[in-house]
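What's in model_14.txt: compact mmCIF, C-alpha atoms and all ligand atoms
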# COMPACT_ATOMS: atom_id res chain seq x y z
CA MET A 24 13.47 -9.56 68.39
CA TRP A 25 16.44 -11.58 67.31
CA SER A 26 15.97 -15.27 66.89
CA GLY A 27 18.06 -17.77 65.03
CA GLU A 28 15.12 -20.11 64.96
CA ARG A 29 12.65 -20.20 62.17
CA GLU A 30 9.31 -19.05 63.39
CA VAL A 31 6.46 -20.90 61.77
CA ARG A 32 2.96 -19.60 62.14
CA ILE A 33 -0.24 -21.26 61.15
CA PRO A 34 -1.45 -19.62 57.95
CA ALA A 35 -4.18 -17.12 58.77
CA LYS A 36 -5.70 -17.42 55.32
CA PRO A 37 -5.59 -19.85 52.44
CA LEU A 38 -2.32 -19.59 50.58
CA ARG A 39 -2.51 -17.64 47.37
CA VAL A 40 0.29 -19.39 45.58
CA LYS A 41 0.63 -19.23 41.85
CA GLN A 42 1.59 -22.53 40.38
CA MET A 43 4.25 -21.60 37.89
CA SER A 44 6.10 -24.82 37.49
CA VAL A 45 8.74 -24.69 34.79
CA ASP A 46 8.61 -26.92 31.80
CA LEU A 47 12.22 -27.24 30.84
CA ASN A 48 11.72 -29.91 28.22
CA ASP A 49 11.89 -27.42 25.35
CA GLU A 50 15.00 -25.75 26.66
CA VAL A 51 17.27 -28.50 27.85
CA ASN A 52 17.54 -32.23 27.65
CA PRO A 53 16.12 -33.74 30.87
CA VAL A 54 19.33 -35.68 31.36
CA SER A 55 21.59 -32.65 30.90
CA ASP A 56 23.60 -31.47 33.85
CA ALA A 57 22.24 -29.59 36.85
CA LYS A 58 23.92 -26.34 35.88
CA HIS A 59 22.03 -26.11 32.61
CA ARG A 60 18.78 -26.77 34.41
CA LYS A 61 19.59 -24.10 36.99
CA ASP A 62 20.48 -21.58 34.26
CA ALA A 63 17.25 -22.31 32.41
CA MET A 64 15.28 -21.92 35.65
CA ASP A 65 17.02 -18.61 36.39
CA GLN A 66 16.19 -17.29 32.93
CA HIS A 67 12.58 -18.39 33.21
CA TRP A 68 12.05 -16.52 36.48
CA MET A 69 14.00 -13.49 35.31
CA GLN A 70 11.60 -13.27 32.37
CA ARG A 71 8.79 -13.14 34.92
CA ALA A 72 10.62 -10.38 36.82
CA LEU A 73 11.01 -8.50 33.53
CA GLU A 74 7.23 -8.67 32.98
CA LEU A 75 6.76 -7.02 36.37
CA ALA A 76 9.39 -4.39 35.53
CA ARG A 77 7.46 -3.50 32.37
CA GLU A 78 4.34 -3.07 34.51
CA SER A 79 6.31 -0.60 36.69
CA SER A 80 7.27 1.32 33.60
CA GLU A 81 3.61 1.55 32.54
CA LEU A 82 2.89 3.21 35.90
CA GLY A 83 5.62 5.76 35.22
CA GLU A 84 7.88 4.15 37.82
CA VAL A 85 11.52 3.17 37.35
CA PRO A 86 11.17 -0.29 35.77
CA VAL A 87 12.26 -2.90 38.29
CA GLY A 88 10.51 -6.20 38.91
CA ALA A 89 11.03 -8.99 41.43
CA VAL A 90 9.65 -12.44 42.06
CA LEU A 91 10.20 -14.79 44.99
CA VAL A 92 10.34 -18.51 44.27
CA ARG A 93 10.60 -21.70 46.28
CA ASP A 94 10.90 -25.12 44.65
CA GLY A 95 9.71 -23.84 41.30
CA VAL A 96 6.63 -22.11 42.73
CA GLU A 97 6.07 -18.36 42.79
CA LEU A 98 5.36 -17.21 46.35
CA GLY A 99 5.34 -13.47 45.78
CA ALA A 100 5.71 -10.83 43.08
CA GLY A 101 6.53 -7.15 43.16
CA LYS A 102 6.98 -4.20 40.90
CA ASN A 103 8.70 -0.98 41.80
CA MET A 104 6.00 1.51 42.87
CA PRO A 105 7.19 4.06 45.46
CA ILE A 106 5.54 7.01 43.67
CA SER A 107 2.17 5.41 43.01
CA ALA A 108 2.06 3.82 46.48
CA CYS A 109 3.34 6.98 48.23
CA ASP A 110 5.78 4.64 49.94
CA PRO A 111 9.56 5.12 49.75
CA SER A 112 10.05 1.49 50.74
CA ALA A 113 7.94 0.12 47.87
CA HIS A 114 10.87 -1.16 45.85
CA ALA A 115 10.12 -4.28 43.80
CA GLU A 116 12.05 -6.54 46.18
CA ILE A 117 10.22 -5.30 49.28
CA VAL A 118 6.84 -5.57 47.56
CA ALA A 119 7.66 -9.17 46.54
CA LEU A 120 8.82 -10.04 50.08
CA ARG A 121 5.64 -8.57 51.60
CA ASP A 122 3.51 -10.49 49.12
CA ALA A 123 5.29 -13.76 49.88
CA CYS A 124 5.26 -13.22 53.67
CA SER A 125 1.54 -12.56 53.51
CA ASN A 126 0.93 -15.68 51.42
CA GLU A 127 3.07 -17.81 53.70
CA ALA A 128 1.86 -16.14 56.92
CA ASN A 129 5.48 -16.09 57.99
CA TYR A 130 8.01 -13.29 58.32
CA ARG A 131 10.81 -15.68 57.40
CA LEU A 132 11.18 -17.08 53.89
CA PRO A 133 13.84 -19.82 54.12
CA GLY A 134 14.72 -21.88 51.07
CA THR A 135 13.65 -19.15 48.65
CA THR A 136 15.29 -17.38 45.71
CA LEU A 137 14.56 -13.76 44.90
CA TYR A 138 14.83 -12.81 41.22
CA VAL A 139 15.15 -9.10 40.57
CA THR A 140 15.96 -7.27 37.35
CA ILE A 141 18.38 -4.75 38.93
CA GLU A 142 20.96 -5.07 41.69
CA PRO A 143 19.29 -4.43 45.09
CA CYS A 144 19.93 -1.29 47.12
CA THR A 145 20.97 -1.07 50.78
CA MET A 146 17.38 -1.11 52.08
CA CYS A 147 16.44 -4.16 50.03
CA VAL A 148 19.59 -6.08 50.98
CA GLY A 149 18.64 -5.51 54.64
CA ALA A 150 15.09 -6.77 54.09
CA ILE A 151 16.33 -9.81 52.15
CA VAL A 152 18.62 -10.76 55.03
CA HIS A 153 15.87 -10.23 57.62
CA ALA A 154 13.54 -12.44 55.58
CA ARG A 155 16.16 -15.22 55.44
CA VAL A 156 16.04 -15.46 51.66
CA GLU A 157 18.59 -18.06 50.62
CA ARG A 158 19.68 -16.75 47.23
CA VAL A 159 19.36 -13.61 45.14
CA VAL A 160 19.59 -13.54 41.35
CA PHE A 161 19.74 -10.17 39.66
CA GLY A 162 19.99 -9.06 36.05
CA ALA A 163 21.97 -5.85 35.64
CA ARG A 164 24.19 -3.99 38.09
CA GLU A 165 23.15 -0.66 39.55
CA PRO A 166 26.42 1.33 39.54
CA LYS A 167 25.15 4.21 41.70
CA ALA A 168 23.17 2.46 44.43
CA GLY A 169 23.81 -1.27 44.12
CA ALA A 170 24.67 -2.72 47.52
CA VAL A 171 25.52 -6.28 46.48
CA CYS A 172 28.68 -5.67 44.47
CA SER A 173 28.67 -2.17 42.91
CA GLN A 174 28.84 0.36 45.74
CA ASN A 175 29.02 -2.19 48.53
CA ASN A 176 29.02 -5.93 49.15
CA LEU A 177 26.63 -6.01 52.06
CA PHE A 178 25.75 -9.71 51.80
CA GLU A 179 29.33 -10.41 52.84
CA HIS A 180 29.49 -7.77 55.56
CA ALA A 181 30.24 -8.97 59.09
CA CYS A 182 27.11 -7.26 60.45
CA MET A 183 24.90 -9.63 58.45
CA ASN A 184 24.10 -12.62 60.62
CA THR A 185 22.84 -14.72 57.71
CA ARG A 186 24.66 -15.54 54.51
CA VAL A 187 22.82 -14.96 51.24
CA SER A 188 24.34 -16.24 48.03
CA TYR A 189 23.86 -14.33 44.80
CA SER A 190 24.24 -14.61 41.04
CA GLU A 191 24.22 -11.78 38.55
CA GLY A 192 24.03 -11.18 34.82
CA ILE A 193 20.89 -13.21 34.08
CA LEU A 194 19.22 -11.51 31.05
CA ALA A 195 21.31 -8.49 32.01
CA GLU A 196 21.00 -6.85 28.61
CA GLN A 197 17.20 -6.89 28.64
CA CYS A 198 17.07 -5.66 32.25
CA SER A 199 19.50 -2.85 31.53
CA GLN A 200 17.85 -1.90 28.23
CA LEU A 201 14.49 -1.49 29.94
CA MET A 202 16.07 1.01 32.33
CA SER A 203 17.88 2.89 29.54
CA GLU A 204 14.71 3.19 27.47
CA PHE A 205 12.78 4.45 30.49
CA PHE A 206 15.30 7.17 31.32
CA GLN A 207 15.71 8.18 27.67
CA LEU A 208 11.94 8.61 27.37
CA ARG A 209 11.80 10.53 30.64
CA ARG A 210 14.55 12.90 29.52
CA ALA A 211 12.82 13.42 26.17
CA ASN A 212 9.51 14.14 27.94
CA LYS A 213 11.16 16.64 30.29
CA LYS A 214 12.81 18.38 27.35
CA ARG A 215 9.49 18.54 25.48
CA ILE A 216 7.72 19.97 28.57
CA LYS A 217 10.40 22.66 28.85
CA GLN A 218 10.02 23.49 25.16
CA LEU A 219 6.25 23.74 25.49
CA ALA A 220 6.59 25.92 28.57
CA GLY A 221 8.97 28.20 26.66
CA GLU A 222 6.56 28.46 23.69
CA ALA A 223 3.67 29.25 26.02
CA SER A 224 5.61 31.94 27.85
CA PRO A 225 7.60 34.23 25.49
CA ALA A 226 8.41 36.50 28.45
CA SER A 227 10.45 33.80 30.07
CA GLU A 228 12.20 33.17 26.76
CA ASN A 229 13.14 36.86 26.56
CA GLN A 230 14.36 36.66 30.11
CA THR A 231 16.51 33.66 29.18
CA LYS A 232 17.95 35.54 26.20
CA LYS A 233 18.86 38.47 28.44
CA ASP A 234 20.57 36.11 30.85
ZN ZN B 1 15.80 -1.33 46.93

Go ahead and express the file in the form of structure tokens.
Amino acid sequence: MWSGEREVRIPAKPLRVKQMSVDLNDEVNPVSDAKHRKDAMDQHWMQRALELARESSELGEVPVGAVLVRDGVELGAGKNMPISACDPSAHAEIVALRDACSNEANYRLPGTTLYVTIEPCTMCVGAIVHARVERVVFGAREPKAGAVCSQNNLFEHACMNTRVSYSEGILAEQCSQLMSEFFQLRRANKKRIKQLAGEASPASENQTKKD
């Protein structure tokens, strides 16, 4: 169903909203300009997304985390978990959107900002647009599958009937480093497993030597 109108439903259950208001007093002077406040807010929520990404990593999943925020309040959180959830759509962004939609009892999330550690893919960009998220902030680019600016710029595509603004590069180094460490460890583990398999099976080693 297409509808340009916002559909508001009566919440079916009490809202489970985490109050995570930001105390910016330590970071910026209260009278400093709006940009500094916005930057500090972006960094605060990206730190939260990084926490979720680390939780993904502990599950053995590619470390990506996302958090959905409106007016300084966390509405939903998600960590990447397609393997553990047996769900190819369980990217951090989708999990965060589902969490927020459930909390809000609404399939639209106007006036929200989605913070995610890595540039969203095609599927997630589609879901973000459908949910009417207003702004996306991501940490590091995803050169192979990023659909915001790396492989595509889908938010600006004519087929998207809602405009979503985006910012990038917030805590990019930390977001990117988490990914690098994860893949380095995974490669090292794979190599070790191969070595162990070779030690346990001399026949296969002989076969390899013959080859
Ligand atoms: Zn995705």

field: Among the residues A:Val92, A:Ile216, A:Ala195, A:Ala115, the one that comes closest to ligand ZN 1 (chain B) [using all atoms listed in the file]
entry: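 Checking each candidate against ligand ZN 1 (chain B), we get A:Ala115 as the closest.
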
Could you make a table, as JSON lines, of the residues of chain A that have an atom within 10 Å of an atom of ligand ZN 1 (chain B), each with its nearest atom pair and distance in Å to one decimal, counting all atoms listed in the file, in chain and number order?
{"residue": "A:Val87", "atom": "CA", "partner": "B:ZN1", "partner_atom": "ZN", "distance": 9.5}
{"residue": "A:Asn103", "atom": "CA", "partner": "B:ZN1", "partner_atom": "ZN", "distance": 8.8}
{"residue": "A:Pro111", "atom": "CA", "partner": "B:ZN1", "partner_atom": "ZN", "distance": 9.4}
{"residue": "A:Ser112", "atom": "CA", "partner": "B:ZN1", "partner_atom": "ZN", "distance": 7.5}
{"residue": "A:Ala113", "atom": "CA", "partner": "B:ZN1", "partner_atom": "ZN", "distance": 8.0}
{"residue": "A:His114", "atom": "CA", "partner": "B:ZN1", "partner_atom": "ZN", "distance": 5.0}
{"residue": "A:Ala115", "atom": "CA", "partner": "B:ZN1", "partner_atom": "ZN", "distance": 7.1}
{"residue": "A:Glu116", "atom": "CA", "partner": "B:ZN1", "partner_atom": "ZN", "distance": 6.5}
{"residue": "A:Ile117", "atom": "CA", "partner": "B:ZN1", "partner_atom": "ZN", "distance": 7.2}
{"residue": "A:Val118", "atom": "CA", "partner": "B:ZN1", "partner_atom": "ZN", "distance": 9.9}
{"residue": "A:Ile141", "atom": "CA", "partner": "B:ZN1", "partner_atom": "ZN", "distance": 9.1}
{"residue": "A:Glu142", "atom": "CA", "partner": "B:ZN1", "partner_atom": "ZN", "distance": 8.3}
{"residue": "A:Pro143", "atom": "CA", "partner": "B:ZN1", "partner_atom": "ZN", "distance": 5.0}
{"residue": "A:Cys144", "atom": "CA", "partner": "B:ZN1", "partner_atom": "ZN", "distance": 4.1}
{"residue": "A:Thr145", "atom": "CA", "partner": "B:ZN1", "partner_atom": "ZN", "distance": 6.5}
{"residue": "A:Met146", "atom": "CA", "partner": "B:ZN1", "partner_atom": "ZN", "distance": 5.4}
{"residue": "A:Cys147", "atom": "CA", "partner": "B:ZN1", "partner_atom": "ZN", "distance": 4.2}
{"residue": "A:Val148", "atom": "CA", "partner": "B:ZN1", "partner_atom": "ZN", "distance": 7.3}
{"residue": "A:Gly149", "atom": "CA", "partner": "B:ZN1", "partner_atom": "ZN", "distance": 9.2}
{"residue": "A:Ala150", "atom": "CA", "partner": "B:ZN1", "partner_atom": "ZN", "distance": 9.0}
{"residue": "A:Ile151", "atom": "CA", "partner": "B:ZN1", "partner_atom": "ZN", "distance": 10.0}
{"residue": "A:Ala168", "atom": "CA", "partner": "B:ZN1", "partner_atom": "ZN", "distance": 8.7}
{"residue": "A:Gly169", "atom": "CA", "partner": "B:ZN1", "partner_atom": "ZN", "distance": 8.5}
{"residue": "A:Ala170", "atom": "CA", "partner": "B:ZN1", "partner_atom": "ZN", "distance": 9.0}

- prompt: Between A:Val187, A:Met104, A:Cys124, A:Leu201, which is the closest to Ser79 in chain A once you count all atoms listed in the file?
  reply: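 That would be A:Met104, the residue with the smallest distance to Ser79 in chain A.
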
- prompt: Smallest atom-to-atom distance to Pro86 in chain A: which of A:Ser199, A:Asn184, A:Asn176, A:Ser125, using only C-alpha atoms?
  reply: A:Ser199

- request: Would you kindly return, as a PyMOL selection string, each protein, DNA or RNA residue with an atom no farther than 6 Å from any atom of Ala119 in chain A, considering only C-alpha atoms and excluding same-chain residues fewer than 6 positions away?
  value: chain A and resi 90+99-101

- prompt: Taking only C-alpha atoms into account, which of A:Val96, A:Met202, A:Leu91, A:Cys182 comes nearest Glu157 in chain A?
  reply: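 Counting only C-alpha atoms, the residue closest to Glu157 in chain A is A:Leu91.
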
- line: One residue among A:Asn129, A:Ser80, A:Gln66, A:Thr185 is nearest to Arg155 in chain A when using all atoms listed in the file, and that residue is A:Thr185
